[in-house]
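A.B. asks: Shown below is the structure under consideration.
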Amino acid sequence: MDGGILEPSLYSIKALAILDNDGNRLLTKYYDDTFSTVKEQKAFEKNLFNKTHRANAEIIMFEGLTCVYKSNVDLFFYVVGSSHENELILASVLNAFYDSISQILRKNVEKRALLDNMDAVYLAADEICDGGILLEADPNAIVQKVAIRNEDIPLGEQTVAQVVGSIKPGKVLQSAKEQIKWSLLK
């Protein structure tokens, strides 16, 4: 067998990361032992951030790894694969990661909203990838699996459709009165 040809592998993702605009980690998940210690991981993240935070590109070969990334407001999203990994697969993982988090955060993709919903963000990352194996790349399916229930969302943050959908038929007028009363009392 030729040593130059690499066998395909299910283990396509080495890391997922979200860094803030100072390069500090908010969420990181490493799926192999490329960076075995926290010190090595943080050094890699800091170097990667320094290399990418001013660039307009979406992909970079960095320290022998393929990194795809996207920034929004004060967050940087990264997906890291090996040097021989298909960039399109990594880009689809990045898009699924970003789009699912955008849906979870109701399109308010910024640091404060992310920190307030960190439990759902970690669940989304776990739905996308397990042990380096891509499980799901459809943001809608990821958000459904994370399944934030309307009862858990404060009334003021629910959309009209969510409020109307949670009302049982016969209690529409009663519920409307209560909602108006509570909104006036706040």
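By convention in this document, the chains of the structure tokens carry letters A, B, ... by their order, each chain's residues are numbered from 1, and ligands are numbered from 1 in the order they are shown.
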Applying 10 Å and only C-alpha atoms, which residues near Gln103 (chain A) remain after dropping the ones on its own chain fewer than 3 positions away? List them as a list in words.
C.D. replies: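 The filter keeps Tyr98, Asp99, Ser100, Arg106, Lys107, Asn108, Val109, Pro139, Asn140, Ile142 and Val143 of chain A.
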A.B. asks: Could you build a table of the residues in region 30-127 of chain A lying no more than 12 Å from region 134-138 of chain A, giving for each the nearest pair of atoms and their separation in Å rounded to one decimal place, using only C-alpha atoms, ordered by chain and ascending residue number, as a Markdown table?
C.D. replies:
| residue | atom | partner | partner_atom | distance |
| --- | --- | --- | --- | --- |
| A:Tyr31 | CA | A:Leu134 | CA | 11.2 |
| A:Val79 | CA | A:Leu134 | CA | 11.5 |
| A:Gly81 | CA | A:Leu134 | CA | 11.4 |
| A:Leu88 | CA | A:Ala137 | CA | 11.8 |
| A:Ile89 | CA | A:Leu134 | CA | 9.1 |
| A:Leu90 | CA | A:Leu134 | CA | 9.5 |
| A:Ala91 | CA | A:Ala137 | CA | 10.1 |
| A:Ser92 | CA | A:Ala137 | CA | 6.6 |
| A:Val93 | CA | A:Ala137 | CA | 5.8 |
| A:Leu94 | CA | A:Ala137 | CA | 8.8 |
| A:Asn95 | CA | A:Ala137 | CA | 8.0 |
| A:Ala96 | CA | A:Ala137 | CA | 5.2 |
| A:Phe97 | CA | A:Ala137 | CA | 7.9 |
| A:Tyr98 | CA | A:Ala137 | CA | 10.6 |
| A:Asp99 | CA | A:Asp138 | CA | 8.8 |
| A:Ser100 | CA | A:Asp138 | CA | 8.1 |
| A:Ile101 | CA | A:Asp138 | CA | 11.8 |
| A:Gln103 | CA | A:Asp138 | CA | 11.8 |
| A:Ala124 | CA | A:Glu136 | CA | 9.8 |
| A:Ala125 | CA | A:Glu136 | CA | 9.8 |
| A:Asp126 | CA | A:Leu135 | CA | 8.8 |
| A:Glu127 | CA | A:Glu136 | CA | 6.5 |
A.B. asks: Let's have the selection written as a PDB file, in the first residue's frame, with N, CA and C atoms.
C.D. replies:
ATOM      1  N   TYR A  31     -11.102  16.633  20.404  1.00  0.00           N
ATOM      2  CA  TYR A  31     -11.536  15.257  20.218  1.00  0.00           C
ATOM      3  C   TYR A  31     -10.401  14.266  20.014  1.00  0.00           C
ATOM      4  N   VAL A  79     -13.595  25.493  13.615  1.00  0.00           N
ATOM      5  CA  VAL A  79     -13.644  24.041  13.481  1.00  0.00           C
ATOM      6  C   VAL A  79     -12.278  23.633  12.951  1.00  0.00           C
ATOM      7  N   GLY A  81      -9.596  20.529  11.752  1.00  0.00           N
ATOM      8  CA  GLY A  81      -9.434  19.162  11.263  1.00  0.00           C
ATOM      9  C   GLY A  81      -7.974  18.925  10.909  1.00  0.00           C
ATOM     10  N   LEU A  88     -14.523  21.293   2.694  1.00  0.00           N
ATOM     11  CA  LEU A  88     -15.972  21.463   2.548  1.00  0.00           C
ATOM     12  C   LEU A  88     -16.731  20.805   3.700  1.00  0.00           C
ATOM     13  N   ILE A  89     -16.239  19.679   4.163  1.00  0.00           N
ATOM     14  CA  ILE A  89     -16.865  19.027   5.321  1.00  0.00           C
ATOM     15  C   ILE A  89     -16.685  19.899   6.558  1.00  0.00           C
ATOM     16  N   LEU A  90     -15.476  20.398   6.760  1.00  0.00           N
ATOM     17  CA  LEU A  90     -15.226  21.268   7.914  1.00  0.00           C
ATOM     18  C   LEU A  90     -16.068  22.538   7.827  1.00  0.00           C
ATOM     19  N   ALA A  91     -16.213  23.099   6.630  1.00  0.00           N
ATOM     20  CA  ALA A  91     -17.032  24.302   6.453  1.00  0.00           C
ATOM     21  C   ALA A  91     -18.502  24.010   6.740  1.00  0.00           C
ATOM     22  N   SER A  92     -18.981  22.826   6.347  1.00  0.00           N
ATOM     23  CA  SER A  92     -20.385  22.481   6.641  1.00  0.00           C
ATOM     24  C   SER A  92     -20.592  22.303   8.139  1.00  0.00           C
ATOM     25  N   VAL A  93     -19.599  21.771   8.842  1.00  0.00           N
ATOM     26  CA  VAL A  93     -19.677  21.653  10.306  1.00  0.00           C
ATOM     27  C   VAL A  93     -19.705  23.046  10.933  1.00  0.00           C
ATOM     28  N   LEU A  94     -18.832  23.936  10.450  1.00  0.00           N
ATOM     29  CA  LEU A  94     -18.795  25.301  10.961  1.00  0.00           C
ATOM     30  C   LEU A  94     -20.136  26.005  10.751  1.00  0.00           C
ATOM     31  N   ASN A  95     -20.699  25.869   9.554  1.00  0.00           N
ATOM     32  CA  ASN A  95     -21.988  26.506   9.272  1.00  0.00           C
ATOM     33  C   ASN A  95     -23.098  25.932  10.139  1.00  0.00           C
ATOM     34  N   ALA A  96     -23.105  24.622  10.341  1.00  0.00           N
ATOM     35  CA  ALA A  96     -24.111  24.009  11.207  1.00  0.00           C
ATOM     36  C   ALA A  96     -23.944  24.488  12.642  1.00  0.00           C
ATOM     37  N   PHE A  97     -22.701  24.563  13.094  1.00  0.00           N
ATOM     38  CA  PHE A  97     -22.382  25.027  14.449  1.00  0.00           C
ATOM     39  C   PHE A  97     -22.872  26.457  14.638  1.00  0.00           C
ATOM     40  N   TYR A  98     -22.490  27.331  13.723  1.00  0.00           N
ATOM     41  CA  TYR A  98     -22.860  28.744  13.824  1.00  0.00           C
ATOM     42  C   TYR A  98     -24.377  28.932  13.682  1.00  0.00           C
ATOM     43  N   ASP A  99     -24.982  28.312  12.669  1.00  0.00           N
ATOM     44  CA  ASP A  99     -26.411  28.504  12.418  1.00  0.00           C
ATOM     45  C   ASP A  99     -27.281  27.954  13.542  1.00  0.00           C
ATOM     46  N   SER A 100     -26.893  26.819  14.113  1.00  0.00           N
ATOM     47  CA  SER A 100     -27.682  26.270  15.223  1.00  0.00           C
ATOM     48  C   SER A 100     -27.572  27.176  16.450  1.00  0.00           C
ATOM     49  N   ILE A 101     -26.399  27.696  16.719  1.00  0.00           N
ATOM     50  CA  ILE A 101     -26.236  28.614  17.850  1.00  0.00           C
ATOM     51  C   ILE A 101     -26.991  29.915  17.590  1.00  0.00           C
ATOM     52  N   GLN A 103     -29.755  30.171  15.921  1.00  0.00           N
ATOM     53  CA  GLN A 103     -31.167  29.876  16.192  1.00  0.00           C
ATOM     54  C   GLN A 103     -31.426  29.779  17.692  1.00  0.00           C
ATOM     55  N   ALA A 124     -25.721  21.656  21.743  1.00  0.00           N
ATOM     56  CA  ALA A 124     -25.637  21.751  20.282  1.00  0.00           C
ATOM     57  C   ALA A 124     -24.300  21.221  19.784  1.00  0.00           C
ATOM     58  N   ALA A 125     -23.215  21.592  20.460  1.00  0.00           N
ATOM     59  CA  ALA A 125     -21.890  21.090  20.065  1.00  0.00           C
ATOM     60  C   ALA A 125     -21.846  19.569  20.167  1.00  0.00           C
ATOM     61  N   ASP A 126     -22.462  19.010  21.207  1.00  0.00           N
ATOM     62  CA  ASP A 126     -22.491  17.555  21.374  1.00  0.00           C
ATOM     63  C   ASP A 126     -23.353  16.873  20.321  1.00  0.00           C
ATOM     64  N   GLU A 127     -24.385  17.543  19.833  1.00  0.00           N
ATOM     65  CA  GLU A 127     -25.227  16.979  18.777  1.00  0.00           C
ATOM     66  C   GLU A 127     -24.523  16.994  17.431  1.00  0.00           C
TER      67      GLU A 127
END
A.B. asks: Asp74 (chain A): which residues within 10 Å, counting only C-alpha atoms, same-chain residues fewer than 3 positions away excluded, as a ChimeraX atom specification?
C.D. replies: /A:19-23,71,109-112
A.B. asks: List as a ChimeraX atom specification the protein and nucleic acid residues near Tyr78 (chain A), meaning an atom at most 6 Å away when only C-alpha atoms are counted, but skip any in the same chain fewer than 6 places from it.
C.D. replies: /A:16-17,68-69
A.B. asks: Closest to Ala120 (chain A) among A:Ala57, A:Ala141, A:Ala147, A:Ile133, using only C-alpha atoms?
C.D. replies: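 For Ala120 (chain A), the nearest of the given residues is A:Ala147.
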A.B. asks: Running DSSP on the backbone, which parts of region 38-107 of chain A land in strand (DSSP E), as a list in words?
C.D. replies: Ile59, Ile60, Met61, Phe62, Leu65, Thr66, Cys67, Val68, Tyr69, Lys70, Ser71, Asn72, Leu75, Phe76, Phe77, Tyr78, Val79, Val80, Gly81 and Ser82 of chain A
A.B. asks: With DSSP run on the backbone, what are the helix (DSSP H, G or I) residues within region 73-157 of chain A? I'd like them as a ChimeraX atom specification.
C.D. replies: /A:87-104,111-116,118-128,139-146,150-152,155-157
A.B. asks: Give me, please, the distance in Å between CA of Ile128 (chain A) and CA of Ile18 (chain A), quoted to one decimal.
C.D. replies: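 Between these atoms lies a distance of 14.3 Å.
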A.B. asks: So, with only C-alpha atoms as the atoms that count, which of A:Cys67, A:Ile60, A:Ala15, A:Met118 lies closest to Gln41 (chain A)?
C.D. replies: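 Ranking A:Cys67, A:Ile60, A:Ala15, A:Met118 by distance to Gln41 (chain A), first place goes to A:Ala15.
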A.B. asks: Please, which residues in region 44-98 of chain A fall within 7 Å of region 11-14 of chain A when counting only C-alpha atoms, and what is the closest atom pair and distance in Å to one decimal for each, ordered by chain then residue number, as a Markdown table?
C.D. replies:
| residue | atom | partner | partner_atom | distance |
| --- | --- | --- | --- | --- |
| A:Val80 | CA | A:Lys14 | CA | 5.4 |
| A:Gly81 | CA | A:Ile13 | CA | 4.8 |
| A:Ser82 | CA | A:Lys14 | CA | 6.9 |
| A:Glu85 | CA | A:Ser12 | CA | 6.5 |
A.B. asks: Kindly export the residues of the current selection with all heavy atoms, as a PDB file, in the first residue's frame.
C.D. replies:
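The file below, result_16.pdb, is the result:
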ATOM      1  N   VAL A  80     -11.649  22.687  13.623  1.00  0.00           N
ATOM      2  CA  VAL A  80     -10.281  22.272  13.293  1.00  0.00           C
ATOM      3  C   VAL A  80     -10.297  20.812  12.864  1.00  0.00           C
ATOM      4  O   VAL A  80     -10.933  19.963  13.494  1.00  0.00           O
ATOM      5  CB  VAL A  80      -9.353  22.448  14.521  1.00  0.00           C
ATOM      6  CG1 VAL A  80      -7.936  22.016  14.184  1.00  0.00           C
ATOM      7  CG2 VAL A  80      -9.377  23.882  15.025  1.00  0.00           C
ATOM      8  N   GLY A  81      -9.596  20.529  11.752  1.00  0.00           N
ATOM      9  CA  GLY A  81      -9.434  19.162  11.263  1.00  0.00           C
ATOM     10  C   GLY A  81      -7.974  18.925  10.909  1.00  0.00           C
ATOM     11  O   GLY A  81      -7.143  19.834  10.983  1.00  0.00           O
ATOM     12  N   SER A  82      -7.663  17.715  10.506  1.00  0.00           N
ATOM     13  CA  SER A  82      -6.279  17.411  10.135  1.00  0.00           C
ATOM     14  C   SER A  82      -5.933  18.093   8.814  1.00  0.00           C
ATOM     15  O   SER A  82      -6.808  18.605   8.113  1.00  0.00           O
ATOM     16  CB  SER A  82      -6.084  15.901  10.014  1.00  0.00           C
ATOM     17  OG  SER A  82      -6.823  15.415   8.911  1.00  0.00           O
ATOM     18  N   GLU A  85      -7.851  16.811   5.781  1.00  0.00           N
ATOM     19  CA  GLU A  85      -9.316  16.769   5.870  1.00  0.00           C
ATOM     20  C   GLU A  85      -9.948  17.634   4.785  1.00  0.00           C
ATOM     21  O   GLU A  85      -9.413  18.669   4.410  1.00  0.00           O
ATOM     22  CB  GLU A  85      -9.775  17.241   7.259  1.00  0.00           C
ATOM     23  CG  GLU A  85     -11.218  16.960   7.542  1.00  0.00           C
ATOM     24  CD  GLU A  85     -11.563  15.497   7.361  1.00  0.00           C
ATOM     25  OE1 GLU A  85     -10.957  14.654   8.032  1.00  0.00           O
ATOM     26  OE2 GLU A  85     -12.439  15.203   6.525  1.00  0.00           O
TER      27      GLU A  85
END
A.B. asks: Which is closest to Leu115 (chain A) among A:Lys42, A:Pro8, A:Ser83, A:Leu75, if we use only C-alpha atoms?
C.D. replies: A:Leu75
A.B. asks: To one decimal place, how far is CA of Gly64 (chain A) from CA of Tyr122 (chain A) in Å?
C.D. replies: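 Going from CA of Gly64 (chain A) over to CA of Tyr122 (chain A), I get 26.8 Å.
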